[in-house]
Amino acid sequence: MSILSNNKTFYINLIIIISIFILDRSTKLYVIYLDQINNGSEIFSSKILNVNLIWNEGIAFGLFAFNNNFHYNILTGIIIIVSLIIFFFIIKTKGVEKYCFVMILGGSLGNVFDRLYYSAVPDFIDLHYQNFHWFIFNVADIFITSGVLLLIFLELFLKKNIL
């Protein structure tokens with residue numbers, strides 16, 4: 001099956017990916033701007049949400065952060081390869097699964113761009129309840145996580161198991 005065999009679907013997927021990328025980039029640029037004018041202090045604070053810019057050099061939620069450029073570059077290369085694999089999953093899948101992969105790729109491209117441009121990913125959404133704080137994340141992470149969770153849900157509950 002050719003990538004362009006169904007032009008309408010291809011362009012819809014492309015528009016969604018670009019929209020996720022633009023939404024992610026614009027929120028990150030806005031938070032970086034607010035961080036600069038506030039001299040690095042907390043941007044917003046409430047009972048359950050804080051907006052505070054941190055620079056994540058690891059993968060999702062700050063895991064596997066390295067102080068070594070060699071390891072950082074290898075990790076970035078692996079993330080780019082995984083993004084390419086997700087692109088091929090978009091080509092090969094149909095229905096809701098395709099849109100899960102589209103969401104994952106859109107978010108992935110936002111974070112890969114930051115890794116290449118800033119050598120880190122700006123994270124700023126801090127959800128918390130009293131003293132329990134979840135990992136700080138960004139808009140791209142929301143789309144990646146939502147796509148992955150929906151894929152897991154589809155696999156576990158909606159697919160027919162054939163033995």
# chains A, B, ... in the order shown; residues from 1 in each chain; ligands from 1
>>> residues_around(residues="Leu158 (chain A)", least_positions_apart="6", cutoff="12 Å", atoms="only C-alpha atoms", output="number ranges by chain")
A: 96-97, 150-152
>>> write_last_selection(atoms="N, CA and C atoms", output="PDB file, in the first residue's frame")
ATOM      1  N   VAL A  96      -8.913   3.555  14.628  1.00  0.00           N
ATOM      2  CA  VAL A  96      -8.501   4.265  15.841  1.00  0.00           C
ATOM      3  C   VAL A  96      -7.021   4.044  16.132  1.00  0.00           C
ATOM      4  N   GLU A  97      -6.522   2.848  15.847  1.00  0.00           N
ATOM      5  CA  GLU A  97      -5.100   2.574  16.080  1.00  0.00           C
ATOM      6  C   GLU A  97      -4.211   3.559  15.319  1.00  0.00           C
ATOM      7  N   LEU A 150      -4.382   4.543  24.994  1.00  0.00           N
ATOM      8  CA  LEU A 150      -5.487   4.124  24.130  1.00  0.00           C
ATOM      9  C   LEU A 150      -5.132   2.859  23.352  1.00  0.00           C
ATOM     10  N   LEU A 151      -3.899   2.743  22.886  1.00  0.00           N
ATOM     11  CA  LEU A 151      -3.466   1.515  22.217  1.00  0.00           C
ATOM     12  C   LEU A 151      -3.545   0.319  23.162  1.00  0.00           C
ATOM     13  N   ILE A 152      -3.113   0.507  24.393  1.00  0.00           N
ATOM     14  CA  ILE A 152      -3.189  -0.576  25.390  1.00  0.00           C
ATOM     15  C   ILE A 152      -4.639  -0.953  25.635  1.00  0.00           C
TER      16      ILE A 152
END
>>> select_by_dssp(residues="chain A", states="strand (DSSP E)", output="PyMOL selection string")
chain A and resi 44-45+49-56+121-129+132-133
>>> residues_around(residues="Asp24 (chain A)", least_positions_apart="2", cutoff="7 Å", atoms="only C-alpha atoms", output="list of chain:residue names")
A:Ile20, A:Phe21, A:Ile22, A:Ser26, A:Thr27, A:Lys28, A:Gly110, A:Val139, A:Ala140
>>> write_last_selection(atoms="all heavy atoms", output="PDB file, in the first residue's frame")
ATOM      1  N   ILE A  20      -0.556  19.022  16.473  1.00  0.00           N
ATOM      2  CA  ILE A  20       0.001  18.632  17.772  1.00  0.00           C
ATOM      3  C   ILE A  20       1.368  19.268  17.957  1.00  0.00           C
ATOM      4  O   ILE A  20       1.676  19.812  19.026  1.00  0.00           O
ATOM      5  CB  ILE A  20       0.086  17.094  17.888  1.00  0.00           C
ATOM      6  CG1 ILE A  20      -1.321  16.499  17.968  1.00  0.00           C
ATOM      7  CG2 ILE A  20       0.922  16.679  19.101  1.00  0.00           C
ATOM      8  CD1 ILE A  20      -1.369  14.978  17.836  1.00  0.00           C
ATOM      9  N   PHE A  21       2.185  19.228  16.920  1.00  0.00           N
ATOM     10  CA  PHE A  21       3.514  19.827  16.984  1.00  0.00           C
ATOM     11  C   PHE A  21       3.420  21.323  17.278  1.00  0.00           C
ATOM     12  O   PHE A  21       4.131  21.846  18.145  1.00  0.00           O
ATOM     13  CB  PHE A  21       4.270  19.573  15.667  1.00  0.00           C
ATOM     14  CG  PHE A  21       5.652  20.154  15.639  1.00  0.00           C
ATOM     15  CD1 PHE A  21       6.709  19.485  16.226  1.00  0.00           C
ATOM     16  CD2 PHE A  21       5.903  21.371  15.022  1.00  0.00           C
ATOM     17  CE1 PHE A  21       7.996  20.009  16.201  1.00  0.00           C
ATOM     18  CE2 PHE A  21       7.180  21.913  14.991  1.00  0.00           C
ATOM     19  CZ  PHE A  21       8.229  21.228  15.586  1.00  0.00           C
ATOM     20  N   ILE A  22       2.552  22.035  16.569  1.00  0.00           N
ATOM     21  CA  ILE A  22       2.413  23.484  16.762  1.00  0.00           C
ATOM     22  C   ILE A  22       1.865  23.802  18.151  1.00  0.00           C
ATOM     23  O   ILE A  22       2.349  24.732  18.815  1.00  0.00           O
ATOM     24  CB  ILE A  22       1.536  24.097  15.649  1.00  0.00           C
ATOM     25  CG1 ILE A  22       2.282  24.060  14.320  1.00  0.00           C
ATOM     26  CG2 ILE A  22       1.109  25.519  15.997  1.00  0.00           C
ATOM     27  CD1 ILE A  22       1.437  24.445  13.115  1.00  0.00           C
ATOM     28  N   SER A  26       4.101  25.938  20.692  1.00  0.00           N
ATOM     29  CA  SER A  26       3.615  27.241  21.154  1.00  0.00           C
ATOM     30  C   SER A  26       3.503  27.275  22.677  1.00  0.00           C
ATOM     31  O   SER A  26       3.847  28.304  23.291  1.00  0.00           O
ATOM     32  CB  SER A  26       2.290  27.614  20.481  1.00  0.00           C
ATOM     33  OG  SER A  26       1.297  26.663  20.779  1.00  0.00           O
ATOM     34  N   THR A  27       3.058  26.197  23.309  1.00  0.00           N
ATOM     35  CA  THR A  27       2.976  26.196  24.773  1.00  0.00           C
ATOM     36  C   THR A  27       4.370  26.247  25.384  1.00  0.00           C
ATOM     37  O   THR A  27       4.588  26.955  26.374  1.00  0.00           O
ATOM     38  CB  THR A  27       2.213  24.973  25.305  1.00  0.00           C
ATOM     39  OG1 THR A  27       2.837  23.766  24.848  1.00  0.00           O
ATOM     40  CG2 THR A  27       0.751  25.003  24.884  1.00  0.00           C
ATOM     41  N   LYS A  28       5.315  25.524  24.805  1.00  0.00           N
ATOM     42  CA  LYS A  28       6.683  25.540  25.332  1.00  0.00           C
ATOM     43  C   LYS A  28       7.317  26.915  25.163  1.00  0.00           C
ATOM     44  O   LYS A  28       7.959  27.425  26.099  1.00  0.00           O
ATOM     45  CB  LYS A  28       7.538  24.476  24.638  1.00  0.00           C
ATOM     46  CG  LYS A  28       7.183  23.064  25.042  1.00  0.00           C
ATOM     47  CD  LYS A  28       7.948  22.056  24.215  1.00  0.00           C
ATOM     48  CE  LYS A  28       7.581  20.640  24.571  1.00  0.00           C
ATOM     49  NZ  LYS A  28       8.185  19.675  23.653  1.00  0.00           N
ATOM     50  N   GLY A 110       7.546  16.834  18.573  1.00  0.00           N
ATOM     51  CA  GLY A 110       7.729  18.019  19.405  1.00  0.00           C
ATOM     52  C   GLY A 110       8.900  17.864  20.357  1.00  0.00           C
ATOM     53  O   GLY A 110       9.736  18.761  20.503  1.00  0.00           O
ATOM     54  N   VAL A 139       2.930  19.292  26.849  1.00  0.00           N
ATOM     55  CA  VAL A 139       1.805  18.953  25.980  1.00  0.00           C
ATOM     56  C   VAL A 139       2.133  17.747  25.095  1.00  0.00           C
ATOM     57  O   VAL A 139       1.283  16.864  24.884  1.00  0.00           O
ATOM     58  CB  VAL A 139       1.381  20.176  25.142  1.00  0.00           C
ATOM     59  CG1 VAL A 139       0.344  19.803  24.090  1.00  0.00           C
ATOM     60  CG2 VAL A 139       0.843  21.275  26.054  1.00  0.00           C
ATOM     61  N   ALA A 140       3.354  17.666  24.579  1.00  0.00           N
ATOM     62  CA  ALA A 140       3.746  16.517  23.754  1.00  0.00           C
ATOM     63  C   ALA A 140       3.604  15.221  24.554  1.00  0.00           C
ATOM     64  O   ALA A 140       3.117  14.215  24.021  1.00  0.00           O
ATOM     65  CB  ALA A 140       5.182  16.681  23.262  1.00  0.00           C
TER      66      ALA A 140
END
>>> residues_around(residues="Phe137 (chain A)", least_positions_apart="6", cutoff="6 Å", atoms="only C-alpha atoms", output="ChimeraX atom specification")
/A:123-125
>>> closest_residue(among="A:Tyr99, A:Phe132, A:Trp55, A:Phe10", to="Gly147 (chain A)", atoms="only C-alpha atoms")
A:Tyr99
>>> closest_residue(among="A:Ser19, A:Leu156, A:Glu42, A:Ser108", to="Asn138 (chain A)", atoms="only C-alpha atoms")
A:Ser108
>>> residues_around(residues="Ile32 (chain A)", least_positions_apart="3", cutoff="12 Å", atoms="only C-alpha atoms", output="list in words")
Arg25, Ser26, Thr27, Lys28, Leu29, Asp35, Gln36, Ile37, Asn38, Asn39, Gly40, Ser41, Glu42, Ile43, Val51, Asn52, Leu53, Ile54, Trp55, Tyr118, Val121, Pro122, Asp123 and Phe124 of chain A
>>> write_last_selection(atoms="N, CA, C and O atoms", output="mmCIF file, in the first residue's frame")
data_model
loop_
_atom_site.group_PDB
_atom_site.id
_atom_site.type_symbol
_atom_site.label_atom_id
_atom_site.label_comp_id
_atom_site.auth_asym_id
_atom_site.auth_seq_id
_atom_site.Cartn_x
_atom_site.Cartn_y
_atom_site.Cartn_z
ATOM 1 N N ARG A 25 4.779 23.188 20.567
ATOM 2 C CA ARG A 25 5.818 24.226 20.441
ATOM 3 C C ARG A 25 5.342 25.557 21.008
ATOM 4 O O ARG A 25 6.085 26.245 21.701
ATOM 5 N N SER A 26 4.101 25.938 20.692
ATOM 6 C CA SER A 26 3.615 27.241 21.154
ATOM 7 C C SER A 26 3.503 27.275 22.677
ATOM 8 O O SER A 26 3.847 28.304 23.291
ATOM 9 N N THR A 27 3.058 26.197 23.309
ATOM 10 C CA THR A 27 2.976 26.196 24.773
ATOM 11 C C THR A 27 4.370 26.247 25.384
ATOM 12 O O THR A 27 4.588 26.955 26.374
ATOM 13 N N LYS A 28 5.315 25.524 24.805
ATOM 14 C CA LYS A 28 6.683 25.540 25.332
ATOM 15 C C LYS A 28 7.317 26.915 25.163
ATOM 16 O O LYS A 28 7.959 27.425 26.099
ATOM 17 N N LEU A 29 7.147 27.524 24.003
ATOM 18 C CA LEU A 29 7.713 28.860 23.783
ATOM 19 C C LEU A 29 7.099 29.885 24.734
ATOM 20 O O LEU A 29 7.797 30.759 25.253
ATOM 21 N N ASP A 35 8.981 32.239 31.818
ATOM 22 C CA ASP A 35 10.081 31.937 32.728
ATOM 23 C C ASP A 35 11.153 33.027 32.666
ATOM 24 O O ASP A 35 11.703 33.421 33.691
ATOM 25 N N GLN A 36 11.429 33.511 31.481
ATOM 26 C CA GLN A 36 12.442 34.554 31.314
ATOM 27 C C GLN A 36 12.005 35.873 31.940
ATOM 28 O O GLN A 36 12.795 36.535 32.617
ATOM 29 N N ILE A 37 10.746 36.260 31.744
ATOM 30 C CA ILE A 37 10.311 37.543 32.314
ATOM 31 C C ILE A 37 10.091 37.450 33.823
ATOM 32 O O ILE A 37 10.096 38.473 34.505
ATOM 33 N N ASN A 38 9.891 36.228 34.340
ATOM 34 C CA ASN A 38 9.738 36.027 35.793
ATOM 35 C C ASN A 38 11.056 35.642 36.459
ATOM 36 O O ASN A 38 11.062 35.232 37.618
ATOM 37 N N ASN A 39 12.146 35.727 35.724
ATOM 38 C CA ASN A 39 13.485 35.401 36.252
ATOM 39 C C ASN A 39 13.557 33.996 36.862
ATOM 40 O O ASN A 39 14.166 33.803 37.915
ATOM 41 N N GLY A 40 12.924 33.044 36.222
ATOM 42 C CA GLY A 40 13.040 31.653 36.645
ATOM 43 C C GLY A 40 12.199 31.273 37.829
ATOM 44 O O GLY A 40 12.285 30.150 38.319
ATOM 45 N N SER A 41 11.340 32.153 38.300
ATOM 46 C CA SER A 41 10.491 31.781 39.435
ATOM 47 C C SER A 41 9.239 31.069 38.931
ATOM 48 O O SER A 41 8.954 31.045 37.736
ATOM 49 N N GLU A 42 8.496 30.494 39.853
ATOM 50 C CA GLU A 42 7.299 29.740 39.492
ATOM 51 C C GLU A 42 6.330 30.631 38.721
ATOM 52 O O GLU A 42 6.072 31.775 39.112
ATOM 53 N N ILE A 43 5.788 30.118 37.626
ATOM 54 C CA ILE A 43 4.935 30.896 36.737
ATOM 55 C C ILE A 43 3.497 30.930 37.237
ATOM 56 O O ILE A 43 2.826 31.948 37.196
ATOM 57 N N VAL A 51 2.817 25.591 37.292
ATOM 58 C CA VAL A 51 3.518 25.721 36.028
ATOM 59 C C VAL A 51 4.902 26.265 36.371
ATOM 60 O O VAL A 51 5.032 27.378 36.863
ATOM 61 N N ASN A 52 5.882 25.419 36.142
ATOM 62 C CA ASN A 52 7.261 25.740 36.506
ATOM 63 C C ASN A 52 8.177 25.073 35.484
ATOM 64 O O ASN A 52 8.141 23.858 35.330
ATOM 65 N N LEU A 53 8.975 25.851 34.789
ATOM 66 C CA LEU A 53 9.822 25.325 33.722
ATOM 67 C C LEU A 53 11.011 24.552 34.280
ATOM 68 O O LEU A 53 11.732 25.042 35.147
ATOM 69 N N ILE A 54 11.172 23.325 33.787
ATOM 70 C CA ILE A 54 12.391 22.555 34.043
ATOM 71 C C ILE A 54 12.885 22.044 32.692
ATOM 72 O O ILE A 54 12.115 21.880 31.752
ATOM 73 N N TRP A 55 14.172 21.783 32.613
ATOM 74 C CA TRP A 55 14.766 21.275 31.371
ATOM 75 C C TRP A 55 15.094 19.804 31.569
ATOM 76 O O TRP A 55 15.956 19.451 32.361
ATOM 77 N N TYR A 118 17.428 22.439 21.735
ATOM 78 C CA TYR A 118 17.835 22.903 23.058
ATOM 79 C C TYR A 118 18.760 21.935 23.789
ATOM 80 O O TYR A 118 19.266 22.255 24.855
ATOM 81 N N VAL A 121 14.417 18.918 26.858
ATOM 82 C CA VAL A 121 13.002 19.131 26.582
ATOM 83 C C VAL A 121 12.413 19.987 27.704
ATOM 84 O O VAL A 121 12.544 19.638 28.874
ATOM 85 N N PRO A 122 11.771 21.115 27.361
ATOM 86 C CA PRO A 122 11.144 21.927 28.400
ATOM 87 C C PRO A 122 9.850 21.271 28.899
ATOM 88 O O PRO A 122 8.936 21.041 28.131
ATOM 89 N N ASP A 123 9.825 20.940 30.169
ATOM 90 C CA ASP A 123 8.633 20.408 30.826
ATOM 91 C C ASP A 123 8.146 21.454 31.816
ATOM 92 O O ASP A 123 8.949 22.179 32.411
ATOM 93 N N PHE A 124 6.827 21.530 32.013
ATOM 94 C CA PHE A 124 6.321 22.617 32.856
ATOM 95 C C PHE A 124 5.017 22.319 33.573
ATOM 96 O O PHE A 124 4.610 23.082 34.449
#
>>> select_by_dssp(residues="region 34-152 of chain A", states="alpha helix (DSSP H)", output="JSON, numbers by chain")
{"A": [34, 35, 36, 37, 69, 70, 71, 72, 73, 74, 75, 76, 77, 78, 79, 80, 81, 82, 83, 84, 85, 86, 87, 88, 89, 90, 91, 92, 95, 96, 97, 98, 99, 100, 101, 102, 103, 104, 105, 106, 107, 108, 109, 110, 111, 112, 113, 114, 115, 116, 117, 118, 139, 140, 141, 142, 143, 144, 145, 146, 147, 148, 149, 150, 151, 152]}
>>> closest_residue(among="A:His133, A:Ile85, A:Leu116, A:Asp141", to="Asn73 (chain A)", atoms="only C-alpha atoms")
A:Leu116
>>> atom_distance(atom1="CA of Phe157 (chain A)", atom2="CA of Phe135 (chain A)")
27.6 Å
>>> atom_distance(atom1="CA of Arg115 (chain A)", atom2="CA of Val102 (chain A)")
19.9 Å
>>> closest_residue(among="A:Leu49, A:Cys100, A:Val31, A:Ile12", to="His128 (chain A)", atoms="only C-alpha atoms")
A:Leu49
>>> closest_residue(among="A:Thr9, A:Asn111, A:Phe88, A:Ala120", to="Asn56 (chain A)", atoms="only C-alpha atoms")
A:Ala120
>>> atom_distance(atom1="CA of Asp114 (chain A)", atom2="CA of Leu149 (chain A)")
23.5 Å
>>> decode(residues="region 121-162 of chain A", atoms="N, CA and C atoms", output="short mmCIF file (atom, residue, chain, number, x, y, z; two decimals), in the first residue's frame")
data_model
loop_
_atom_site.label_atom_id
_atom_site.label_comp_id
_atom_site.auth_asym_id
_atom_site.auth_seq_id
_atom_site.Cartn_x
_atom_site.Cartn_y
_atom_site.Cartn_z
N VAL A 121 14.42 18.92 26.86
CA VAL A 121 13.00 19.13 26.58
C VAL A 121 12.41 19.99 27.70
N PRO A 122 11.77 21.11 27.36
CA PRO A 122 11.14 21.93 28.40
C PRO A 122 9.85 21.27 28.90
N ASP A 123 9.82 20.94 30.17
CA ASP A 123 8.63 20.41 30.83
C ASP A 123 8.15 21.45 31.82
N PHE A 124 6.83 21.53 32.01
CA PHE A 124 6.32 22.62 32.86
C PHE A 124 5.02 22.32 33.57
N ILE A 125 4.32 21.26 33.26
CA ILE A 125 3.04 20.96 33.91
C ILE A 125 3.32 20.07 35.12
N ASP A 126 3.02 20.58 36.30
CA ASP A 126 3.27 19.89 37.56
C ASP A 126 1.94 19.66 38.27
N LEU A 127 1.37 18.47 38.11
CA LEU A 127 0.15 18.11 38.82
C LEU A 127 0.52 17.55 40.18
N HIS A 128 -0.23 17.96 41.19
CA HIS A 128 0.08 17.48 42.53
C HIS A 128 -1.16 17.48 43.41
N TYR A 129 -1.08 16.70 44.46
CA TYR A 129 -2.09 16.71 45.50
C TYR A 129 -1.36 16.74 46.83
N GLN A 130 -1.53 17.81 47.56
CA GLN A 130 -0.82 18.06 48.80
C GLN A 130 0.69 17.93 48.56
N ASN A 131 1.36 16.95 49.15
CA ASN A 131 2.81 16.82 48.97
C ASN A 131 3.20 15.80 47.90
N PHE A 132 2.22 15.16 47.26
CA PHE A 132 2.53 14.20 46.20
C PHE A 132 2.54 14.93 44.86
N HIS A 133 3.68 14.95 44.20
CA HIS A 133 3.82 15.57 42.89
C HIS A 133 4.06 14.48 41.84
N TRP A 134 3.26 14.52 40.77
CA TRP A 134 3.49 13.65 39.65
C TRP A 134 4.70 14.18 38.89
N PHE A 135 5.24 13.39 37.97
CA PHE A 135 6.35 13.86 37.14
C PHE A 135 5.92 15.12 36.37
N ILE A 136 6.84 16.05 36.19
CA ILE A 136 6.54 17.25 35.41
C ILE A 136 6.60 16.89 33.93
N PHE A 137 5.62 17.37 33.16
CA PHE A 137 5.51 16.97 31.76
C PHE A 137 5.10 18.15 30.91
N ASN A 138 4.91 17.91 29.60
CA ASN A 138 4.51 18.96 28.67
C ASN A 138 3.37 18.46 27.78
N VAL A 139 2.93 19.29 26.85
CA VAL A 139 1.81 18.95 25.98
C VAL A 139 2.13 17.75 25.09
N ALA A 140 3.35 17.67 24.58
CA ALA A 140 3.75 16.52 23.75
C ALA A 140 3.60 15.22 24.55
N ASP A 141 4.01 15.26 25.81
CA ASP A 141 3.90 14.07 26.66
C ASP A 141 2.44 13.65 26.85
N ILE A 142 1.54 14.61 26.90
CA ILE A 142 0.11 14.29 27.02
C ILE A 142 -0.35 13.49 25.81
N PHE A 143 0.03 13.91 24.61
CA PHE A 143 -0.38 13.20 23.40
C PHE A 143 0.29 11.84 23.30
N ILE A 144 1.56 11.75 23.64
CA ILE A 144 2.26 10.46 23.61
C ILE A 144 1.61 9.49 24.58
N THR A 145 1.40 9.93 25.81
CA THR A 145 0.82 9.06 26.83
C THR A 145 -0.61 8.67 26.49
N SER A 146 -1.41 9.62 25.99
CA SER A 146 -2.79 9.31 25.61
C SER A 146 -2.83 8.27 24.48
N GLY A 147 -1.96 8.44 23.48
CA GLY A 147 -1.91 7.48 22.38
C GLY A 147 -1.52 6.09 22.85
N VAL A 148 -0.52 6.01 23.71
CA VAL A 148 -0.06 4.71 24.23
C VAL A 148 -1.15 4.06 25.08
N LEU A 149 -1.78 4.83 25.98
CA LEU A 149 -2.82 4.27 26.83
C LEU A 149 -4.02 3.79 26.02
N LEU A 150 -4.38 4.54 24.99
CA LEU A 150 -5.49 4.12 24.13
C LEU A 150 -5.13 2.86 23.35
N LEU A 151 -3.90 2.74 22.89
CA LEU A 151 -3.47 1.52 22.22
C LEU A 151 -3.55 0.32 23.16
N ILE A 152 -3.11 0.51 24.39
CA ILE A 152 -3.19 -0.58 25.39
C ILE A 152 -4.64 -0.95 25.64
N PHE A 153 -5.51 0.04 25.79
CA PHE A 153 -6.93 -0.22 25.99
C PHE A 153 -7.51 -1.00 24.81
N LEU A 154 -7.21 -0.58 23.60
CA LEU A 154 -7.71 -1.27 22.41
C LEU A 154 -7.24 -2.72 22.38
N GLU A 155 -5.97 -2.92 22.71
CA GLU A 155 -5.41 -4.26 22.68
C GLU A 155 -6.03 -5.16 23.74
N LEU A 156 -6.23 -4.63 24.92
CA LEU A 156 -6.73 -5.45 26.03
C LEU A 156 -8.23 -5.69 25.99
N PHE A 157 -8.99 -4.71 25.56
CA PHE A 157 -10.44 -4.81 25.72
C PHE A 157 -11.25 -4.87 24.45
N LEU A 158 -10.73 -4.40 23.33
CA LEU A 158 -11.56 -4.33 22.14
C LEU A 158 -11.16 -5.29 21.03
N LYS A 159 -9.97 -5.81 21.05
CA LYS A 159 -9.55 -6.76 20.02
C LYS A 159 -10.04 -8.16 20.37
N LYS A 160 -10.43 -8.89 19.34
CA LYS A 160 -10.83 -10.28 19.54
C LYS A 160 -9.59 -11.14 19.65
N ASN A 161 -9.52 -11.92 20.70
CA ASN A 161 -8.37 -12.82 20.88
C ASN A 161 -8.59 -14.07 20.04
N ILE A 162 -7.65 -14.32 19.15
CA ILE A 162 -7.72 -15.50 18.30
C ILE A 162 -6.59 -16.43 18.72
#
